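coords-v9.pdb, holding PDB, C-alpha atoms, pLDDT in the B column:
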```pdb
ATOM      1  CA  MET A   1      10.708  33.069  57.190  1.00 81.00           C
ATOM      2  CA  THR A   2      14.229  31.675  57.353  1.00 90.00           C
ATOM      3  CA  HIS A   3      16.339  30.484  54.467  1.00 91.00           C
ATOM      4  CA  GLU A   4      15.748  26.823  55.374  1.00 93.00           C
ATOM      5  CA  GLU A   5      11.951  27.262  55.437  1.00 93.00           C
ATOM      6  CA  ARG A   6      12.043  29.122  52.129  1.00 94.00           C
ATOM      7  CA  ALA A   7      14.175  26.322  50.590  1.00 94.00           C
ATOM      8  CA  LYS A   8      11.722  23.659  51.842  1.00 94.00           C
ATOM      9  CA  LEU A   9       8.795  25.624  50.373  1.00 95.00           C
ATOM     10  CA  ILE A  10      10.540  25.984  46.993  1.00 95.00           C
ATOM     11  CA  LYS A  11      11.399  22.248  47.081  1.00 96.00           C
ATOM     12  CA  ARG A  12       7.737  21.309  47.761  1.00 96.00           C
ATOM     13  CA  ILE A  13       6.464  23.620  44.992  1.00 96.00           C
ATOM     14  CA  PHE A  14       9.030  22.169  42.578  1.00 96.00           C
ATOM     15  CA  LEU A  15       7.975  18.581  43.403  1.00 96.00           C
ATOM     16  CA  VAL A  16       4.269  19.424  43.014  1.00 96.00           C
ATOM     17  CA  VAL A  17       4.892  21.092  39.619  1.00 96.00           C
ATOM     18  CA  LEU A  18       7.060  18.133  38.512  1.00 95.00           C
ATOM     19  CA  ALA A  19       4.382  15.618  39.561  1.00 95.00           C
ATOM     20  CA  ALA A  20       1.700  17.648  37.740  1.00 95.00           C
ATOM     21  CA  ALA A  21       3.860  17.741  34.590  1.00 93.00           C
ATOM     22  CA  ILE A  22       4.333  13.950  34.675  1.00 92.00           C
ATOM     23  CA  VAL A  23       0.615  13.298  35.196  1.00 91.00           C
ATOM     24  CA  THR A  24      -0.269  15.729  32.358  1.00 90.00           C
ATOM     25  CA  GLY A  25       2.286  14.113  30.061  1.00 87.00           C
ATOM     26  CA  VAL A  26       0.902  10.645  30.701  1.00 84.00           C
ATOM     27  CA  TYR A  27      -2.632  11.892  30.114  1.00 82.00           C
ATOM     28  CA  PHE A  28      -1.846  13.578  26.774  1.00 83.00           C
ATOM     29  CA  TYR A  29       0.635  10.977  25.466  1.00 78.00           C
ATOM     30  CA  PRO A  30      -0.889   9.253  22.388  1.00 73.00           C
ATOM     31  CA  LYS A  31      -2.081   5.785  23.185  1.00 68.00           C
ATOM     32  CA  PRO A  32      -1.221   3.051  20.674  1.00 66.00           C
ATOM     33  CA  VAL A  33      -4.172   1.918  18.586  1.00 59.00           C
ATOM     34  CA  GLU A  34      -4.528  -1.805  18.292  1.00 54.00           C
ATOM     35  CA  LYS A  35      -5.108  -2.779  14.670  1.00 48.00           C
ATOM     36  CA  LYS A  36      -7.292  -5.732  13.854  1.00 44.00           C
ATOM     37  CA  PRO A  37      -5.404  -8.295  11.772  1.00 40.00           C
ATOM     38  CA  ALA A  38      -8.259  -8.791   9.315  1.00 37.00           C
ATOM     39  CA  ALA A  39      -8.457  -5.079   8.515  1.00 35.00           C
ATOM     40  CA  VAL A  40      -4.735  -4.625   7.956  1.00 37.00           C
ATOM     41  CA  ALA A  41      -3.497  -5.662   4.529  1.00 43.00           C
ATOM     42  CA  LYS A  42       0.036  -6.931   4.355  1.00 47.00           C
ATOM     43  CA  GLU A  43       2.145  -4.485   2.409  1.00 52.00           C
ATOM     44  CA  ASP A  44       4.838  -6.418   0.584  1.00 63.00           C
ATOM     45  CA  GLY A  45       5.632  -3.836  -2.086  1.00 71.00           C
ATOM     46  CA  ARG A  46       4.063  -5.763  -4.951  1.00 81.00           C
ATOM     47  CA  LEU A  47       1.567  -4.422  -7.448  1.00 86.00           C
ATOM     48  CA  LYS A  48      -1.878  -5.763  -6.529  1.00 90.00           C
ATOM     49  CA  ILE A  49      -4.259  -6.726  -9.319  1.00 90.00           C
ATOM     50  CA  ILE A  50      -7.826  -7.579  -8.348  1.00 89.00           C
ATOM     51  CA  HIS A  51      -9.765  -9.419 -11.031  1.00 90.00           C
ATOM     52  CA  HIS A  52     -13.512  -9.299 -10.355  1.00 89.00           C
ATOM     53  CA  HIS A  53     -14.917 -12.222 -12.299  1.00 86.00           C
ATOM     54  CA  LEU A  54     -18.060 -14.176 -12.860  1.00 87.00           C
ATOM     55  CA  PRO A  55     -17.595 -17.970 -12.896  1.00 85.00           C
ATOM     56  CA  LYS A  56     -18.391 -19.751 -16.170  1.00 87.00           C
ATOM     57  CA  ASP A  57     -18.375 -16.443 -18.045  1.00 88.00           C
ATOM     58  CA  PRO A  58     -16.157 -16.911 -21.148  1.00 89.00           C
ATOM     59  CA  ALA A  59     -14.632 -13.436 -20.966  1.00 89.00           C
ATOM     60  CA  SER A  60     -13.880 -13.805 -17.245  1.00 89.00           C
ATOM     61  CA  GLU A  61     -12.317 -17.224 -17.746  1.00 90.00           C
ATOM     62  CA  GLN A  62     -10.175 -15.977 -20.635  1.00 91.00           C
ATOM     63  CA  LEU A  63      -9.005 -13.025 -18.541  1.00 91.00           C
ATOM     64  CA  ALA A  64      -8.259 -15.400 -15.650  1.00 90.00           C
ATOM     65  CA  ASP A  65      -5.946 -17.411 -17.940  1.00 92.00           C
ATOM     66  CA  ILE A  66      -4.166 -14.198 -18.978  1.00 92.00           C
ATOM     67  CA  PHE A  67      -3.670 -13.188 -15.341  1.00 91.00           C
ATOM     68  CA  ASN A  68      -2.360 -16.666 -14.479  1.00 92.00           C
ATOM     69  CA  LYS A  69       0.365 -16.180 -17.114  1.00 92.00           C
ATOM     70  CA  ILE A  70       1.103 -12.657 -15.856  1.00 90.00           C
ATOM     71  CA  GLN A  71       1.316 -13.926 -12.264  1.00 90.00           C
ATOM     72  CA  THR A  72       3.898 -16.554 -13.229  1.00 90.00           C
ATOM     73  CA  LYS A  73       5.910 -14.088 -15.339  1.00 89.00           C
ATOM     74  CA  TYR A  74       5.985 -11.219 -12.788  1.00 86.00           C
ATOM     75  CA  ASP A  75       5.755 -13.288  -9.605  1.00 85.00           C
ATOM     76  CA  LYS A  76       8.081 -11.084  -7.525  1.00 85.00           C
ATOM     77  CA  TYR A  77       6.427  -7.842  -8.583  1.00 86.00           C
ATOM     78  CA  VAL A  78       2.721  -8.628  -9.035  1.00 90.00           C
ATOM     79  CA  LEU A  79       0.061 -10.234  -6.851  1.00 90.00           C
ATOM     80  CA  VAL A  80      -3.107 -11.250  -8.700  1.00 91.00           C
ATOM     81  CA  THR A  81      -6.255 -12.029  -6.735  1.00 90.00           C
ATOM     82  CA  ARG A  82      -9.617 -13.095  -8.068  1.00 90.00           C
ATOM     83  CA  ASN A  83     -12.876 -11.922  -6.547  1.00 88.00           C
ATOM     84  CA  ASP A  84     -16.014 -13.891  -7.372  1.00 88.00           C
ATOM     85  CA  ILE A  85     -18.673 -11.179  -7.592  1.00 87.00           C
ATOM     86  CA  GLN A  86     -21.432 -13.678  -6.778  1.00 86.00           C
ATOM     87  CA  LYS A  87     -19.799 -14.801  -3.521  1.00 88.00           C
ATOM     88  CA  HIS A  88     -18.431 -11.384  -2.475  1.00 85.00           C
ATOM     89  CA  PRO A  89     -20.654  -8.657  -3.944  1.00 85.00           C
ATOM     90  CA  GLU A  90     -19.765  -6.206  -1.153  1.00 86.00           C
ATOM     91  CA  ILE A  91     -16.119  -6.045  -2.301  1.00 84.00           C
ATOM     92  CA  ALA A  92     -17.158  -5.512  -5.893  1.00 82.00           C
ATOM     93  CA  LYS A  93     -19.642  -2.817  -4.903  1.00 84.00           C
ATOM     94  CA  ALA A  94     -17.031  -1.022  -2.792  1.00 84.00           C
ATOM     95  CA  GLN A  95     -14.739  -0.790  -5.818  1.00 81.00           C
ATOM     96  CA  GLY A  96     -17.482   0.335  -8.199  1.00 81.00           C
ATOM     97  CA  VAL A  97     -17.771  -2.850 -10.231  1.00 83.00           C
ATOM     98  CA  THR A  98     -20.930  -2.968 -12.323  1.00 80.00           C
ATOM     99  CA  LYS A  99     -20.215  -5.803 -14.733  1.00 82.00           C
ATOM    100  CA  ALA A 100     -17.720  -8.658 -14.884  1.00 81.00           C
ATOM    101  CA  PRO A 101     -14.924  -8.944 -15.879  1.00 87.00           C
ATOM    102  CA  HIS A 102     -13.529  -5.870 -14.168  1.00 89.00           C
ATOM    103  CA  VAL A 103      -9.874  -5.344 -13.215  1.00 90.00           C
ATOM    104  CA  VAL A 104      -8.509  -2.901 -10.630  1.00 89.00           C
ATOM    105  CA  ILE A 105      -4.751  -2.389 -10.162  1.00 89.00           C
ATOM    106  CA  PHE A 106      -3.396  -0.997  -6.885  1.00 87.00           C
ATOM    107  CA  SER A 107       0.045   0.229  -5.946  1.00 84.00           C
ATOM    108  CA  GLY A 108       0.008   0.120  -2.155  1.00 80.00           C
ATOM    109  CA  THR A 109      -3.378   1.621  -1.317  1.00 81.00           C
ATOM    110  CA  LYS A 110      -3.594   3.869  -4.375  1.00 85.00           C
ATOM    111  CA  LYS A 111      -5.701   2.797  -7.342  1.00 86.00           C
ATOM    112  CA  VAL A 112      -3.475   3.290 -10.401  1.00 87.00           C
ATOM    113  CA  TYR A 113      -5.515   1.708 -13.206  1.00 87.00           C
ATOM    114  CA  GLU A 114      -8.774  -0.091 -13.861  1.00 86.00           C
ATOM    115  CA  PHE A 115     -10.617  -1.433 -16.864  1.00 87.00           C
ATOM    116  CA  GLN A 116     -13.757  -3.347 -17.617  1.00 87.00           C
ATOM    117  CA  GLY A 117     -14.157  -6.060 -20.202  1.00 86.00           C
ATOM    118  CA  LEU A 118     -11.696  -8.269 -21.973  1.00 85.00           C
ATOM    119  CA  GLY A 119      -8.242  -7.178 -23.112  1.00 84.00           C
ATOM    120  CA  THR A 120      -5.540  -9.055 -24.933  1.00 87.00           C
ATOM    121  CA  GLN A 121      -2.568 -10.501 -23.123  1.00 87.00           C
ATOM    122  CA  VAL A 122      -0.228  -8.106 -24.931  1.00 90.00           C
ATOM    123  CA  GLN A 123      -2.261  -5.044 -23.897  1.00 90.00           C
ATOM    124  CA  ILE A 124      -2.482  -6.135 -20.270  1.00 89.00           C
ATOM    125  CA  GLU A 125       1.224  -7.041 -20.076  1.00 89.00           C
ATOM    126  CA  GLN A 126       2.173  -3.677 -21.590  1.00 89.00           C
ATOM    127  CA  LYS A 127       0.074  -1.871 -18.986  1.00 88.00           C
ATOM    128  CA  VAL A 128       1.550  -3.909 -16.126  1.00 87.00           C
ATOM    129  CA  GLU A 129       5.088  -3.249 -17.384  1.00 87.00           C
ATOM    130  CA  GLU A 130       4.307   0.459 -17.755  1.00 86.00           C
ATOM    131  CA  ILE A 131       3.056   0.656 -14.178  1.00 84.00           C
ATOM    132  CA  LEU A 132       6.015  -1.364 -12.872  1.00 83.00           C
ATOM    133  CA  ARG A 133       8.464   0.920 -14.704  1.00 80.00           C
ATOM    134  CA  GLY A 134       6.825   3.891 -12.994  1.00 74.00           C
ATOM    135  CA  LEU A 135       7.218   2.229  -9.582  1.00 63.00           C
ATOM    136  CA  LYS A 136      10.871   1.240  -9.911  1.00 59.00           C
ATOM    137  CA  ARG A 137      13.205   2.954  -7.489  1.00 56.00           C
ATOM    138  CA  ILE A 138      16.196   4.876  -8.783  1.00 56.00           C
ATOM    139  CA  ASP A 139      19.445   3.967  -7.063  1.00 58.00           C
ATOM    140  CA  LYS A 140      21.862   6.502  -5.609  1.00 59.00           C
ATOM    141  CA  ASP A 141      24.319   6.269  -8.545  1.00 61.00           C
ATOM    142  CA  TRP A 142      21.776   7.219 -11.186  1.00 59.00           C
ATOM    143  CA  ARG A 143      22.688  10.189 -13.371  1.00 61.00           C
ATOM    144  CA  PRO A 144      20.775  11.660 -16.289  1.00 61.00           C
ATOM    145  CA  PRO A 145      22.333  10.841 -19.667  1.00 62.00           C
ATOM    146  CA  VAL A 146      24.612  13.547 -21.034  1.00 64.00           C
ATOM    147  CA  PRO A 147      24.752  13.809 -24.841  1.00 68.00           C
ATOM    148  CA  GLY A 148      28.137  12.794 -26.246  1.00 66.00           C
ATOM    149  CA  MET A 149      29.351  11.017 -23.092  1.00 59.00           C
ATOM    150  CA  LYS A 150      29.729   7.286 -22.734  1.00 63.00           C
ATOM    151  CA  PRO A 151      29.255   5.461 -19.428  1.00 58.00           C
ATOM    152  CA  VAL A 152      32.514   4.419 -17.790  1.00 58.00           C
ATOM    153  CA  GLY A 153      33.123   0.727 -17.232  1.00 55.00           C
ATOM    154  CA  LYS A 154      30.126  -0.494 -19.216  1.00 50.00           C
TER
END
```
Encoding of this model in structure tokens:
Amino acid sequence: MTHEERAKLIKRIFLVVLAAAIVTGVYFYPKPVEKKPAAVAKEDGRLKIIHHHLPKDPASEQLADIFNKIQTKYDKYVLVTRNDIQKHPEIAKAQGVTKAPHVVIFSGTKKVYEFQGLGTQVQIEQKVEEILRGLKRIDKDWRPPVPGMKPVGK
């Protein structure tokens, strides 16, 4: 076998191995999964409060008024939705609701708090503020307070 024949053989083997590597890469490359729009919840960074209520129930209606006030006060940070447990029992069942009124608070997809029954506006606002304080981001210039030192420029 001459040098030219050996070079052609090495070239053919190299091309076959390269083609096999490309085909294998295409086969094992993860394919994008198409998400259905109805199943994907829009993440806008707000705290989500789901109020499971029963229409014409006095406690549910009173809690709905409280959440209307909270929605207007914390509009940029809180999204309140009402779920009628008579019209949508499957949603209530999925979240473990046994009796109305029932409130579930989510941060992203994580359930952070839930309660059943009626609470006062002050109690609910305090809980919402507590959760929002826990979710606030700390900026890059934050420093822990040092005893005896005063902040500069403030």
>> Taking the file as I've supplied it (selection: the PyMOL selection byres ((chain A and resi 45-58) around 8)), which residues are included? Please answer as a PyMOL selection string.
In response: chain A and resi 43-44+59-62+64+76-86+92+97+100-108+132
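For the pair CA of His3 (chain A) and CA of Ala21 (chain A), the separation is 26.7 Å.
Of the residues listed (A:Leu63, A:Thr2, A:Lys93, A:Val16), A:Leu63 shows the shortest atom-to-atom separation from Gly119 (chain A); distances use all atoms listed in the file.
One finds CA of His88 (chain A) at 27.7 Å from CA of Lys73 (chain A).
Across the model, the gap from CA of Thr120 (chain A) to CA of Gln95 (chain A) is 22.8 Å.
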> Which is closer to Glu130 (chain A) than all the others in A:Tyr113, A:Leu118, A:Tyr27, A:Phe14, using all atoms listed in the file?
Replying inline: A:Tyr113
